[in-house]
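Chemist: Could you have a look at this structure, given as structure tokens, before my questions?
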Amino acid sequence: MTTPRVLVVDDDAALLEALPETIRLRMPGTVVETCGSTAPALQQIAAVDYDAIVSDIKMPGMDGLGLLSQVRALRPDTPVLLITGHGEHDLAIRSLRAGAYDYVQKPIDREYFVASLGRAIQVRQLRRQIADQQQALSHHAGSLEETVQERTTELRQTVEQLRALTDVAAAIHAARGAEEVLRSVVDAACRLSGAGLAVAGFYRGDNEAAALADEHRWAIAMAPESAALRLAREDVVRIFAAICAGERGPADLPETVFEALSRAAANGEGPWSSFFALPVRGRLGQPLGAMILARPTGRAFAPEVRVQLEALALQVAVALENTLLYERARGTAETLQRSLLPERLPEIPGVVLSARYLPGNHEAVGGDWYDVLTLPNGHIGLVIGDVAGRGVWAAAVMGQLRNALRAYALEGNPPALIAERLTRLVDDRTMATLVYLVVDPETRAVRYLNMGHLPPLIVGPDGVTRLHGGAPPLGVRGIVYREDTATLAPRSTILVYTDGLMEVRGRSIDDGFARVTDVLRRYGNAPVDDLIDRVLASALEGRTAEDDIALVALRLAPLSPERLDIRLPAVPASLAQMRQTLRRWLKSAEVGSEESYDIMTAINEACANAIEHAYGPTDGLFECEVALEDGVLTAIVRDIGRWRSARGQYRGHGIKLMEALMGEVEVVPGPTGTAVQMRKRLVRTGRVPV
Amino acid sequence: MTTAVEVRMTDEAGIPVAALEGEIDLANAAEVRSQIFGMVSNTAPGLILDLSGVSYLDSRGVQLILELAERLKMRHLKFRVAMPEKSLIRRILLLTHVDAVVPLDTSVDQSLAMMREGT
């Protein structure tokens, strides 16, 4: 407890001397000051915070009650003791009502006075103590609130940073392909760090550290995009290579490395020197890419920002590694699928073929395929199929089915037997739809088997029809397959396709049929290439292809009796097909069977020679033009498509046979190969009446 | 499309008969030749080539018959070729003078009879 200070106010000089004496004697350590009147007393009170005030109630000028009310206003907590005359009870009560702490009647009972004053001082001092504590408490509470607020702000910032990072991660992982990942990375890096320039690169180097400086292996994105105008790719690659080659982790690289970068970043504002560069590494530590961020000079990247950017780099690494895996998987599937589609369609006189394959914009390739085969008997096998599922697995299954079907078909097996064998080949997981259709170009008879696939469409003189009938999809067990047959009108076109052609999101398949049927009806007589493009275009109208689309059109065009053009690969296997086509044409031109045989044999000899002398194993072609005019048949056989020196003399039985069978044979060496020209006057044809 | 031919070997009382069915051209002549060469043993009196079922034969087929004739001659074996009189391939064999090297009969029976007579 501090030293108590008491003020005594009285106009009675004797009492003003006696009372302090009593206080000093009875309450040692108490400081007592005195005042003879109220006016100076008020001044004193204003200056000093007394622990108690003792005042006579009766004084000239302002009396004790007046002083009391002043003190109540000035120092409401200071207790005031008033001294009243003997028996002045009214005054005493008034003084208590006015807020006096106590009153003491004259003659003063010293014991009572001292006790009352002591209590007053004690109460006053306790009150002051409580006030102090309250103040300290409220001060403490204030600072506590401040601290809480500070912490909350920090926490909120951290949460925001985390959220920003999460958003970035979501954007990065949602990105398709490396370019999109990089794009979102540079945008995110600028947002997270307040950088004015961000450059990110993706290294497709197959873990080869040696090729880090190879520009072709880097994909690069910059924000803002305009920076690309000022920043040379080769400089960026040089910097990235240096970052990736370094053993250290995230670090500031020497400014000299960043000269070009500095100029690019500043955009004419003077050089920048606050850079932060960090490599992006895969799980095995292999370089996947790098990032550089720049801010104006003097605005360095704060440590917490750096931590965030490092976290970003980890996210980027995961995204890029996934991208690589995905690209590889898709690449494999695409290559596989492409290798399984025919490189070129066979050229068969009297048959016009056209095919389209449009990969969907889906992430993984599908299992659609088509195939066109020339069968041993000269018929044409048409295949369209769709393996359920996507990716490498679907492409691989498709490959197996395609090759098996080819093998069975080229053995000359009928559709039902092929279907049965294919069913034995597939396992329980496989579900595929398939149409195998065999066309005899001579009779226009069609044999087919549809295994759960959409029906082939026929456009002919009778309009557009569907080839009905079929079996469940391939993979369903216990089916007895039975082929369906149809005979087409001359000039009919068959269209086979996968469901991507008919199915447009949000539309029923009937809409698809109506749409395609409409196109076929309107353009059924257009050239086959044109027709198939129009059909495809109708499926793409107002949307991007989501599913793969494969379609093949086959038109049976009657052979012209005046002219036949055959063009086939220069391989021995082409001879049988050449003869079959020729036989068909000679029949349609009404040439007698014996003369037909002679002509066929002669032309076969010329073709066999062209094939035997063909350069290289498969890629040459030979061409055979036959014309019939005024009873004279002319045939020209030549090898085409590549230059080689002229063949030597024809030797052996071949030339003898040609001469004997045709009459006129001329071998003409030309700059691009040898042409054999033959002429034969026909004894009798339907066109020249005897 | 490939050229299809089938080679069937039979034995007519000790005389081997190779019956061909289908077409013979550049695409399959070499294979047919090696098949027939592998089937003729030195203990046999000779070989009859039955071309009744051949619908087409080009100069490689002619070449095949001439090579066969030469080989069999070297091994002192007899050789005859049979096909119907009206066969279109007979014309080809006559045009290329195969008949000057190999006797052409009109049926396997005729060939067998001729061979048993010792010609």
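In the structure tokens, chains take letters A, B, ... by order of appearance, with residues numbered from 1 within each chain and ligands from 1 in the order shown.
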Just the residues within 12 Å of Gly118 of chain B, please, counting only C-alpha atoms, with nothing from its chain fewer than 4 positions along; format it as an MDAnalysis selection string.

Modeler: chainID B and resid 45:46 77:80 111:114

Chemist: Apply DSSP to the backbone of this structure and, from segment 313-382 of chain A, keep only the residues in strand (DSSP E); write these as a PyMOL selection string.

Modeler: chain A and resi 351-358+366-374+380-382

Chemist: Can you spit out the residues from that selection as a JSON list (two decimals), in the first residue's frame, using N, CA and C atoms?

Modeler:
```json
[["chain", "number", "residue", "atom", "x", "y", "z"],
["A", 351, "VAL", "N", -15.50, -51.35, -109.31],
["A", 351, "VAL", "CA", -15.81, -51.11, -107.90],
["A", 351, "VAL", "C", -15.13, -49.80, -107.48],
["A", 352, "VAL", "N", -15.92, -48.89, -106.95],
["A", 352, "VAL", "CA", -15.31, -47.65, -106.47],
["A", 352, "VAL", "C", -15.37, -47.67, -104.95],
["A", 353, "LEU", "N", -14.23, -47.47, -104.33],
["A", 353, "LEU", "CA", -14.15, -47.53, -102.87],
["A", 353, "LEU", "C", -13.68, -46.20, -102.30],
["A", 354, "SER", "N", -14.22, -45.87, -101.15],
["A", 354, "SER", "CA", -13.72, -44.69, -100.45],
["A", 354, "SER", "C", -13.91, -44.92, -98.96],
["A", 355, "ALA", "N", -12.94, -44.49, -98.18],
["A", 355, "ALA", "CA", -13.04, -44.71, -96.73],
["A", 355, "ALA", "C", -12.56, -43.47, -96.00],
["A", 356, "ARG", "N", -13.12, -43.25, -94.83],
["A", 356, "ARG", "CA", -12.68, -42.15, -93.98],
["A", 356, "ARG", "C", -12.53, -42.68, -92.56],
["A", 357, "TYR", "N", -11.51, -42.16, -91.90],
["A", 357, "TYR", "CA", -11.37, -42.47, -90.47],
["A", 357, "TYR", "C", -11.09, -41.17, -89.75],
["A", 358, "LEU", "N", -11.96, -40.83, -88.80],
["A", 358, "LEU", "CA", -11.81, -39.58, -88.07],
["A", 358, "LEU", "C", -11.67, -39.90, -86.60],
["A", 366, "GLY", "N", -10.03, -45.01, -79.86],
["A", 366, "GLY", "CA", -11.05, -46.05, -79.76],
["A", 366, "GLY", "C", -10.65, -47.29, -80.53],
["A", 367, "GLY", "N", -11.57, -48.22, -80.61],
["A", 367, "GLY", "CA", -11.27, -49.49, -81.27],
["A", 367, "GLY", "C", -12.00, -49.67, -82.58],
["A", 368, "ASP", "N", -12.26, -48.56, -83.28],
["A", 368, "ASP", "CA", -12.93, -48.65, -84.58],
["A", 368, "ASP", "C", -11.95, -49.12, -85.64],
["A", 369, "TRP", "N", -12.43, -49.95, -86.56],
["A", 369, "TRP", "CA", -11.56, -50.25, -87.70],
["A", 369, "TRP", "C", -12.37, -50.64, -88.91],
["A", 370, "TYR", "N", -11.74, -50.57, -90.05],
["A", 370, "TYR", "CA", -12.37, -51.05, -91.27],
["A", 370, "TYR", "C", -11.32, -51.75, -92.10],
["A", 371, "ASP", "N", -11.76, -52.52, -93.05],
["A", 371, "ASP", "CA", -10.82, -53.26, -93.88],
["A", 371, "ASP", "C", -11.51, -53.59, -95.19],
["A", 372, "VAL", "N", -10.74, -53.63, -96.25],
["A", 372, "VAL", "CA", -11.28, -54.03, -97.55],
["A", 372, "VAL", "C", -10.34, -55.09, -98.11],
["A", 373, "LEU", "N", -10.89, -56.25, -98.47],
["A", 373, "LEU", "CA", -10.06, -57.37, -98.90],
["A", 373, "LEU", "C", -10.50, -57.85, -100.28],
["A", 374, "THR", "N", -9.51, -58.25, -101.07],
["A", 374, "THR", "CA", -9.85, -58.92, -102.31],
["A", 374, "THR", "C", -9.73, -60.41, -102.03],
["A", 380, "ILE", "N", -15.22, -59.12, -103.10],
["A", 380, "ILE", "CA", -14.63, -58.11, -102.23],
["A", 380, "ILE", "C", -15.18, -58.26, -100.82],
["A", 381, "GLY", "N", -14.29, -58.34, -99.86],
["A", 381, "GLY", "CA", -14.70, -58.43, -98.47],
["A", 381, "GLY", "C", -14.62, -57.04, -97.83],
["A", 382, "LEU", "N", -15.72, -56.66, -97.19],
["A", 382, "LEU", "CA", -15.79, -55.35, -96.56],
["A", 382, "LEU", "C", -15.99, -55.57, -95.06]]
```

Chemist: Can you write out as a Markdown table which residues of chain A fall within 8 Å of chain B, alongside each residue's closest atom pair and its distance in Å to one decimal, counting only C-alpha atoms and ordering rows by chain and ascending residue number?

Modeler:
```
| residue | atom | partner | partner_atom | distance |
| --- | --- | --- | --- | --- |
| A:Thr374 | CA | B:Met1 | CA | 5.2 |
| A:Leu375 | CA | B:Met1 | CA | 4.9 |
| A:Pro376 | CA | B:Met1 | CA | 4.2 |
| A:Asn377 | CA | B:Met1 | CA | 6.8 |
| A:Gly378 | CA | B:Met1 | CA | 6.0 |
| A:Leu410 | CA | B:Met1 | CA | 7.7 |
| A:Pro572 | CA | B:Ala27 | CA | 4.5 |
| A:Ala573 | CA | B:Thr2 | CA | 4.6 |
| A:Ser574 | CA | B:Met1 | CA | 6.7 |
| A:Leu575 | CA | B:Thr3 | CA | 7.4 |
| A:Ala576 | CA | B:Thr3 | CA | 5.2 |
| A:Gln577 | CA | B:Met1 | CA | 5.8 |
| A:Glu594 | CA | B:Leu88 | CA | 7.4 |
| A:Tyr597 | CA | B:Leu88 | CA | 7.4 |
| A:Thr601 | CA | B:Asp58 | CA | 6.4 |
| A:Asn604 | CA | B:Asp58 | CA | 7.5 |
| A:Glu605 | CA | B:Asp58 | CA | 7.0 |
| A:Ala608 | CA | B:Leu26 | CA | 6.5 |
| A:His653 | CA | B:Ser59 | CA | 5.7 |
| A:Gly654 | CA | B:Ser59 | CA | 5.5 |
| A:Lys656 | CA | B:Thr96 | CA | 7.2 |
| A:Leu657 | CA | B:Leu95 | CA | 6.8 |
| A:Ala660 | CA | B:Leu95 | CA | 7.0 |
```

Chemist: How would you write, as a ChimeraX atom specification, the set of residues in chain B that DSSP gives as alpha helix (DSSP H)?

Modeler: /B:29-37,59-74,88-95,108-117

Chemist: Would you put the residues from that selection into a file with C-alpha atoms, as a short mmCIF file (atom, residue, chain, number, x, y, z; two decimals), in the first residue's frame?

Modeler:
```
data_model
loop_
_atom_site.label_atom_id
_atom_site.label_comp_id
_atom_site.auth_asym_id
_atom_site.auth_seq_id
_atom_site.Cartn_x
_atom_site.Cartn_y
_atom_site.Cartn_z
CA ALA B 29 4.38 -72.09 -110.54
CA ALA B 30 7.51 -72.38 -108.40
CA GLU B 31 5.62 -73.94 -105.53
CA VAL B 32 3.81 -76.42 -107.76
CA ARG B 33 7.14 -77.43 -109.31
CA SER B 34 8.79 -78.16 -105.98
CA GLN B 35 5.73 -80.07 -104.78
CA ILE B 36 5.77 -82.37 -107.84
CA PHE B 37 9.56 -82.81 -107.81
CA SER B 59 4.10 -69.38 -119.82
CA ARG B 60 5.33 -70.15 -116.29
CA GLY B 61 3.16 -73.25 -116.42
CA VAL B 62 4.68 -74.14 -119.75
CA GLN B 63 8.12 -73.61 -118.27
CA LEU B 64 7.17 -75.88 -115.40
CA ILE B 65 6.20 -78.74 -117.71
CA LEU B 66 9.39 -78.38 -119.74
CA GLU B 67 11.58 -78.38 -116.62
CA LEU B 68 9.75 -81.40 -115.31
CA ALA B 69 10.32 -83.22 -118.61
CA GLU B 70 14.02 -82.45 -118.50
CA ARG B 71 14.44 -83.63 -114.93
CA LEU B 72 12.56 -86.87 -115.51
CA LYS B 73 14.53 -87.54 -118.65
CA MET B 74 17.76 -87.17 -116.71
CA LEU B 88 -8.15 -74.31 -123.76
CA ILE B 89 -4.74 -74.94 -122.27
CA ARG B 90 -3.93 -77.52 -124.91
CA ARG B 91 -3.82 -74.62 -127.38
CA ILE B 92 -1.20 -72.91 -125.21
CA LEU B 93 0.93 -76.07 -125.01
CA LEU B 94 0.74 -76.53 -128.78
CA LEU B 95 1.57 -72.87 -129.44
CA VAL B 108 -5.15 -90.13 -117.71
CA ASP B 109 -6.43 -93.53 -118.84
CA GLN B 110 -4.80 -93.01 -122.21
CA SER B 111 -1.56 -91.92 -120.53
CA LEU B 112 -1.59 -94.98 -118.27
CA ALA B 113 -2.20 -97.29 -121.22
CA MET B 114 0.62 -95.69 -123.22
CA MET B 115 3.01 -95.87 -120.30
CA ARG B 116 2.23 -99.51 -119.61
CA GLU B 117 2.86 -100.27 -123.28
#
```

Chemist: Could you give me, as a tab-separated table, every segment 552-639 of chain A residue with an atom at most 12 Å from segment 512-525 of chain A, plus its closest atom pair and distance in Å to one decimal, counting only C-alpha atoms, rows ordered by chain then number?

Modeler:
```
residue	atom	partner	partner_atom	distance
A:Ala553	CA	A:Leu520	CA	11.0
A:Leu554	CA	A:Gly524	CA	11.8
A:Arg555	CA	A:Asn525	CA	10.1
A:Leu556	CA	A:Asn525	CA	11.8
A:Ala557	CA	A:Asn525	CA	11.1
```

Chemist: Given the selection you just returned, output its residues as a file containing N, CA and C atoms, formatted as a PDB file, in the first residue's frame.

Modeler:
```pdb
ATOM      1  N   ALA A 553     -17.402 -46.580 -98.090  1.00  0.00           N
ATOM      2  CA  ALA A 553     -18.441 -46.671 -99.117  1.00  0.00           C
ATOM      3  C   ALA A 553     -17.906 -47.500-100.273  1.00  0.00           C
ATOM      4  N   LEU A 554     -18.772 -48.359-100.806  1.00  0.00           N
ATOM      5  CA  LEU A 554     -18.397 -49.202-101.946  1.00  0.00           C
ATOM      6  C   LEU A 554     -19.495 -49.062-102.994  1.00  0.00           C
ATOM      7  N   ARG A 555     -19.123 -48.668-104.185  1.00  0.00           N
ATOM      8  CA  ARG A 555     -20.114 -48.550-105.256  1.00  0.00           C
ATOM      9  C   ARG A 555     -19.797 -49.545-106.368  1.00  0.00           C
ATOM     10  N   LEU A 556     -20.841 -50.175-106.851  1.00  0.00           N
ATOM     11  CA  LEU A 556     -20.689 -51.101-107.970  1.00  0.00           C
ATOM     12  C   LEU A 556     -20.974 -50.329-109.248  1.00  0.00           C
ATOM     13  N   ALA A 557     -19.902 -50.015-109.959  1.00  0.00           N
ATOM     14  CA  ALA A 557     -20.071 -49.263-111.204  1.00  0.00           C
ATOM     15  C   ALA A 557     -19.942 -50.241-112.358  1.00  0.00           C
TER      16      ALA A 557
END
```

Chemist: Please report the interatomic distance between atom CA of Gly196 of chain A and atom CA of Gly282 of chain A in Å with one decimal.

Modeler: 27.0 Å

Chemist: With only C-alpha atoms as the counted atoms, please give the residues lying no more than 7 Å from segment 45-61 of chain A, apart from itself and same-chain residues fewer than 6 positions off, as a list in words.

Modeler: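 Counting only the stated atoms, we get Pro4, Arg5, Val6, Leu7, Val8, Val9, Asp10, Asp11, Thr78, Pro79, Val80, Leu81, Leu82, Ile83, Thr84, Ala120, Ile121, Arg124 and Gln125 of chain A.
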